[in-house]
Structures are given as C-alpha cells and as structure tokens.
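The structure appears below as structure tokens.
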Amino acid sequence: MSAVGVDGAGPLVVAVANRKGGTGKTTTVVNLAAEWGRRGLRTLVVDLDTQAHAAIGLGCQTSGRSGPSCHGMFRDSRFRLADAVRETPTTNVWLAPADPDFEEPADGIDPQTLARQIQGLLRSAEFDRVLVDTPPTLDPLLVNAMSAAQGVLVPFVPHHLAAVGVRQLARLFYRVVTRHNRGLKLLGLVPVMVDRRVNMHRRVLEDMRRQFGSSRVFRGIRSNIRLAEAFEAGKPVLAFAPRSPGAMDYHMLAEEIEVFWA
C-alpha cells in the first residue's frame, strides 16, 4: 500500500475497512465523523455494513427499514444516494443508513456503483468529508467502498492475528487499485483498544511498523470504556464524554489525517 499524497484540495472520501470483524470500524467512523463535524467540516457517513450500527452510534432512531437506505443504489439503477441522506443529531454530520435486510442481487453488483453515486452527490451537495463504513466480508460492497474512496483507513486490534486481517485487506487493496481505482491511497493503520502497558500490544505495534512503515501506523485509540458507553447511549464520545481519552484520541486521529491530506 502507498501512503496518501498531500494534494488534499476538495472533498475527501475515506473507506474505513478491515477484513476482520470487531476491529472498531464503526466506532471509528462515528467518532471521526463527529470530530470533523465539530471542526465545521460537513461530513456524510455512508453505512454499507448491513449491521446498521452507524445509525445507533450517531443517535438516529431510523434505519434503512423505515426509509430509503444507501443499499437502494444496488437494487435500482435509477436510485439516487441523495434520497437516502438524512440529518443526524450530531453537528454537521449526515447519514445514508444501511438496510439490515439487504441481499446481493442475483445479477451481481457493478464495482463502480458507489463511486458514481458519490461523485454525483458531491457535485450537487456541500460535503467536505465522506466516510464509508464497510462490511468485514470480502464482497462487492467492500470493493465498491474502496473503488469510491480516495483513501483507506484500517483500524486493527493489536493482538497476534492483527496482521492477518491487514494483509488480507492489502491484497484486496492492490486488486482494487489495479482494476477499479488507480488513485486509491492508504491513509493509515489505526490501532484501537490499545494498552501500551501490555507487552503483546507493544510487540504487535512494532511488527506492524516493520511490515507497513512507521509513518503509516497512527498513534491509535487507547482502550477506554467511555467509547463503549457512548455508543450504548447513541452518541459520539465527543458529546458523551468530551474530556475522555477516547475523545482526545479521535481528535488526534483527525489531526493526523489532516496533516497527511493537507
């Protein structure tokens, strides 16, 4: 994977992805979106993961079952992503929610569907950032997310299998770059639930730096119960516990991304 360049003019579209589940993808999407929103950046979250958890974390009471969902674009070529976009209680953050009942059409999915929809949306709407929450499985929705993005952000939990999921995603990354999106870059790897007092965590982080380069491994998100409590309360941690380590860490993650993309 190649690190993202520094030509950050215009909106930034980021896919948050890992081939393993339970790596904090949705927590990262929700809290990074809230931090960008706090900075005045109009941010759209597109939830391609049919678990539909982004709506919960952003405090939305509705889902794709009760109105248009972002998955509608994969069923109907006439569907407009803009029709699924709705406001959230989080300042400057909008959501195109997931449909928990979505099933892949029998005739398959065009890898460029989301890319076309986002390009059309950005031409007609004032979004500064788009975050795409992705399913952990290797399916056309993950390929769509990476085909539409300018950068990929990879959360991972620092245990002994962490590198396996990242390497699996790296193989998909190169396939997407080769076939669908030559401009796709790696924003960085984000360790989550980190406790640097734990020897295994330190070893895994050092191993990831050796494999992927120290500049590509961000400082990460410390283990902090406030993050889970905030999600349960239906709020980003910035609104639930603004002085917590979790809120501070997502603030710093946004800083690191902006430096890379400035």
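For the structure tokens, the naming scheme is as follows: chains receive sequential letters (A, B, ...) according to their order of presentation, residues are indexed from 1 within each chain, and ligands are indexed from 1 in presentation order.
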
For this session: Please provide as a PyMOL selection string all residues within 10 Å of Glu103 (chain A), with the sequence filter that same-chain residues fewer than 5 positions apart are discarded (counting only C-alpha atoms).
Result: chain A and resi 50+71+74-75

Selection to disk with N, CA and C atoms, as an mmCIF file, in the first residue's frame:
data_model
loop_
_atom_site.group_PDB
_atom_site.id
_atom_site.type_symbol
_atom_site.label_atom_id
_atom_site.label_comp_id
_atom_site.auth_asym_id
_atom_site.auth_seq_id
_atom_site.Cartn_x
_atom_site.Cartn_y
_atom_site.Cartn_z
ATOM 1 N N THR A 50 -24.400 -4.016 6.721
ATOM 2 C CA THR A 50 -25.812 -4.293 6.985
ATOM 3 C C THR A 50 -26.114 -4.520 8.464
ATOM 4 N N HIS A 71 -28.285 1.181 0.450
ATOM 5 C CA HIS A 71 -28.265 -0.061 -0.333
ATOM 6 C C HIS A 71 -29.247 -0.034 -1.503
ATOM 7 N N PHE A 74 -27.923 -0.344 -5.106
ATOM 8 C CA PHE A 74 -27.505 -1.626 -5.665
ATOM 9 C C PHE A 74 -28.676 -2.443 -6.197
ATOM 10 N N ARG A 75 -29.893 -1.958 -5.922
ATOM 11 C CA ARG A 75 -31.090 -2.641 -6.400
ATOM 12 C C ARG A 75 -31.676 -1.975 -7.645
#

For this session: Find the spatial neighbours of Gln112 (chain A), counting only C-alpha atoms, within a cut-off of 8 Å - ignore same-chain residues fewer than 2 positions away - and output them as a PyMOL selection string.
Result: chain A and resi 110+114-116+144+147-148+180

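Residues of region 160-256 of chain A carrying a DSSP assignment of strand (DSSP E or B), computed from the backbone, are Lys185, Leu186, Leu187, Gly188, Leu189, Val190, Pro191, Val194, Val217 and Arg222 of chain A.
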
Write out the residues from the selection above, keeping N, CA and C atoms, as a compact mmCIF listing (two decimals), in the first residue's frame.
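So selection_10.txt came out as:
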# COMPACT_ATOMS: atom_id res chain seq x y z
N LYS A 185 -5.34 5.44 -2.14
CA LYS A 185 -4.16 5.52 -1.30
C LYS A 185 -4.48 4.98 0.10
N LEU A 186 -3.44 4.65 0.83
CA LEU A 186 -3.58 4.27 2.23
C LEU A 186 -3.42 5.51 3.09
N LEU A 187 -4.47 5.85 3.84
CA LEU A 187 -4.34 6.94 4.80
C LEU A 187 -3.51 6.50 6.00
N GLY A 188 -3.79 5.31 6.50
CA GLY A 188 -3.01 4.82 7.62
C GLY A 188 -3.68 3.66 8.33
N LEU A 189 -2.92 3.01 9.21
CA LEU A 189 -3.41 1.93 10.06
C LEU A 189 -3.65 2.52 11.45
N VAL A 190 -4.81 2.21 12.04
CA VAL A 190 -5.21 2.80 13.31
C VAL A 190 -5.36 1.70 14.37
N PRO A 191 -4.39 1.54 15.26
CA PRO A 191 -4.59 0.59 16.36
C PRO A 191 -5.68 1.08 17.30
N VAL A 194 -5.97 0.06 22.44
CA VAL A 194 -4.54 -0.10 22.72
C VAL A 194 -4.24 0.14 24.19
N VAL A 217 1.47 3.87 10.56
CA VAL A 217 0.76 3.42 11.76
C VAL A 217 0.50 4.63 12.64
N ARG A 222 -6.70 4.57 22.50
CA ARG A 222 -6.50 3.80 23.71
C ARG A 222 -7.77 3.06 24.15

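Among the candidate residues A:Ala162, A:Ile221, A:Val157, A:Ala98, the one lying nearest to Gln51 (chain A) is A:Ala98, with distances computed using only C-alpha atoms.
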
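Counting only C-alpha atoms and comparing A:Ser215, A:Thr28, A:Ser69, A:Thr43, the residue that lies closest to Thr91 (chain A) is A:Thr43.
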
Problem set entry | Residues near Thr137 (chain A), cut-off 12 Å, only C-alpha atoms, skip fewer than 5 positions along chain, as number ranges by chain | A: 17-22, 48-50, 142-143, 165, 168-169, 172

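With distances restricted to only C-alpha atoms, A:Ala228 is the closest residue to Ser244 (chain A) from A:Met208, A:Ala228, A:Ile257, A:Val198.
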
For this session: as JSON, numbers by chain, list the residues of region 5-245 of chain A assigned to alpha helix (DSSP H) by DSSP on the backbone atoms of this structure.
Result: {"A": [25, 26, 27, 28, 29, 30, 31, 32, 33, 34, 35, 36, 37, 38, 53, 54, 55, 56, 57, 113, 114, 115, 116, 117, 118, 119, 120, 121, 122, 123, 124, 140, 141, 142, 143, 144, 145, 146, 147, 148, 162, 163, 164, 165, 166, 167, 168, 169, 170, 171, 172, 173, 174, 175, 176, 177, 178, 179, 199, 200, 201, 202, 203, 204, 205, 206, 207, 208, 209, 210, 211, 212, 225, 226, 227, 228, 229, 230, 231, 232, 237, 238, 239, 240, 245]}

Mind dumping the selected residues with C-alpha atoms as a tab-separated table (two decimals), in the first residue's frame?
chain	number	residue	atom	x	y	z
A	25	LYS	CA	-14.60	0.25	12.22
A	26	THR	CA	-17.99	1.71	13.11
A	27	THR	CA	-16.71	3.30	16.33
A	28	THR	CA	-14.01	4.98	14.25
A	29	VAL	CA	-16.49	6.13	11.59
A	30	VAL	CA	-18.89	7.62	14.15
A	31	ASN	CA	-16.28	9.38	16.25
A	32	LEU	CA	-14.15	10.63	13.37
A	33	ALA	CA	-17.30	11.99	11.70
A	34	ALA	CA	-18.24	13.80	14.92
A	35	GLU	CA	-14.76	15.28	15.26
A	36	TRP	CA	-14.79	16.51	11.66
A	37	GLY	CA	-18.27	17.92	12.21
A	38	ARG	CA	-17.04	19.79	15.30
A	53	HIS	CA	-24.66	0.20	13.66
A	54	ALA	CA	-23.60	3.64	12.42
A	55	ALA	CA	-27.16	4.91	12.90
A	56	ILE	CA	-27.06	3.77	16.54
A	57	GLY	CA	-23.74	5.46	17.25
A	113	THR	CA	-21.90	1.94	-8.35
A	114	LEU	CA	-20.95	3.80	-5.18
A	115	ALA	CA	-18.23	5.80	-6.96
A	116	ARG	CA	-20.76	7.15	-9.46
A	117	GLN	CA	-23.27	7.95	-6.72
A	118	ILE	CA	-20.75	9.79	-4.54
A	119	GLN	CA	-19.40	11.76	-7.49
A	120	GLY	CA	-22.93	12.82	-8.36
A	121	LEU	CA	-23.70	13.72	-4.75
A	122	LEU	CA	-20.55	15.79	-4.33
A	123	ARG	CA	-21.39	17.77	-7.45
A	124	SER	CA	-24.78	18.76	-6.04
A	140	PRO	CA	-18.93	-6.46	-3.71
A	141	LEU	CA	-19.87	-3.85	-1.10
A	142	LEU	CA	-16.32	-3.67	0.25
A	143	VAL	CA	-14.98	-3.47	-3.31
A	144	ASN	CA	-17.49	-0.67	-4.02
A	145	ALA	CA	-16.33	1.28	-0.97
A	146	MET	CA	-12.67	1.06	-1.94
A	147	SER	CA	-13.44	1.84	-5.57
A	148	ALA	CA	-15.22	5.05	-4.50
A	162	ALA	CA	-3.98	-8.35	13.61
A	163	ALA	CA	-1.50	-8.58	10.75
A	164	VAL	CA	-3.54	-11.36	9.13
A	165	GLY	CA	-6.57	-9.13	8.60
A	166	VAL	CA	-4.42	-6.22	7.42
A	167	ARG	CA	-2.54	-8.43	4.94
A	168	GLN	CA	-5.84	-9.77	3.60
A	169	LEU	CA	-7.04	-6.20	3.11
A	170	ALA	CA	-3.72	-5.30	1.45
A	171	ARG	CA	-4.29	-7.98	-1.19
A	172	LEU	CA	-7.76	-6.58	-1.89
A	173	PHE	CA	-6.30	-3.05	-1.91
A	174	TYR	CA	-3.90	-3.93	-4.73
A	175	ARG	CA	-6.65	-5.68	-6.66
A	176	VAL	CA	-8.90	-2.61	-6.43
A	177	VAL	CA	-6.04	-0.27	-7.41
A	178	THR	CA	-5.24	-2.45	-10.42
A	179	ARG	CA	-8.78	-2.98	-11.64
A	199	ASN	CA	3.68	-6.50	26.11
A	200	MET	CA	1.72	-8.15	23.30
A	201	HIS	CA	0.29	-4.80	22.21
A	202	ARG	CA	3.77	-3.28	22.04
A	203	ARG	CA	5.10	-6.26	20.08
A	204	VAL	CA	2.23	-6.20	17.58
A	205	LEU	CA	2.57	-2.45	17.01
A	206	GLU	CA	6.29	-2.80	16.40
A	207	ASP	CA	5.64	-5.68	13.99
A	208	MET	CA	3.07	-3.61	12.08
A	209	ARG	CA	5.52	-0.71	11.83
A	210	ARG	CA	8.18	-3.05	10.42
A	211	GLN	CA	5.77	-4.52	7.87
A	212	PHE	CA	4.00	-1.37	6.71
A	225	ILE	CA	-14.77	2.31	28.45
A	226	ARG	CA	-16.28	5.69	27.61
A	227	LEU	CA	-16.24	4.76	23.92
A	228	ALA	CA	-18.49	1.75	24.54
A	229	GLU	CA	-20.71	3.71	26.93
A	230	ALA	CA	-21.10	6.49	24.38
A	231	PHE	CA	-22.14	4.03	21.67
A	232	GLU	CA	-24.67	2.46	24.02
A	237	VAL	CA	-17.83	10.14	22.56
A	238	LEU	CA	-17.28	13.85	21.83
A	239	ALA	CA	-20.85	14.50	23.01
A	240	PHE	CA	-20.94	11.86	25.75
A	245	PRO	CA	-9.13	9.70	26.49

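Minimum distance to Leu12 (chain A) across A:Asn92, A:Ser66, A:Gln150, A:Gln61 (counting only C-alpha atoms) occurs at A:Gln150.
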
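Proximity to Ala254 (chain A) was assessed for A:Ala82, A:Leu41, A:Ala233, A:Cys60 counting only C-alpha atoms; the smallest distance is recorded for A:Leu41.
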
Exercise. Suppose you want the space between CA of Pro97 (chain A) and CA of Asp47 (chain A); what is it in Å?
Worked result: 5.3 Å

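Distance-wise, CA of Ala52 (chain A) and CA of Pro105 (chain A) end up 18.9 Å apart.
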
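Of note, CA of Val130 (chain A) and CA of Met193 (chain A) are spaced 24.2 Å apart.
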
For this session: Would you kindly return, as a PyMOL selection string, each protein, DNA or RNA residue with an atom no farther than 9 Å from any atom of Leu44 (chain A), considering only C-alpha atoms and excluding same-chain residues fewer than 6 positions away?
Result: chain A and resi 33+85+92-96+127-132

Convert the current residue selection to file output with C-alpha atoms, as a PDB file, in the first residue's frame.
ATOM      1  CA  ALA A  33     -17.297  11.989  11.698  1.00  0.00           C
ATOM      2  CA  VAL A  85     -29.248  11.077   3.167  1.00  0.00           C
ATOM      3  CA  ASN A  92     -22.519  18.820  10.648  1.00  0.00           C
ATOM      4  CA  VAL A  93     -22.945  15.045  10.224  1.00  0.00           C
ATOM      5  CA  TRP A  94     -25.394  13.372   7.826  1.00  0.00           C
ATOM      6  CA  LEU A  95     -26.086   9.664   7.356  1.00  0.00           C
ATOM      7  CA  ALA A  96     -27.055   7.425   4.457  1.00  0.00           C
ATOM      8  CA  PHE A 127     -19.910  17.811   1.736  1.00  0.00           C
ATOM      9  CA  ASP A 128     -16.297  18.210   2.814  1.00  0.00           C
ATOM     10  CA  ARG A 129     -15.804  14.636   4.019  1.00  0.00           C
ATOM     11  CA  VAL A 130     -17.412  11.285   3.204  1.00  0.00           C
ATOM     12  CA  LEU A 131     -16.800   8.278   5.472  1.00  0.00           C
ATOM     13  CA  VAL A 132     -17.838   4.839   4.258  1.00  0.00           C
TER      14      VAL A 132
END

Seminar exercise, completed: The residue from A:Asp195, A:Asp99, A:Asp107, A:Glu256 with the smallest atom-to-atom distance to Ala84 (chain A), counting only C-alpha atoms, is A:Asp99
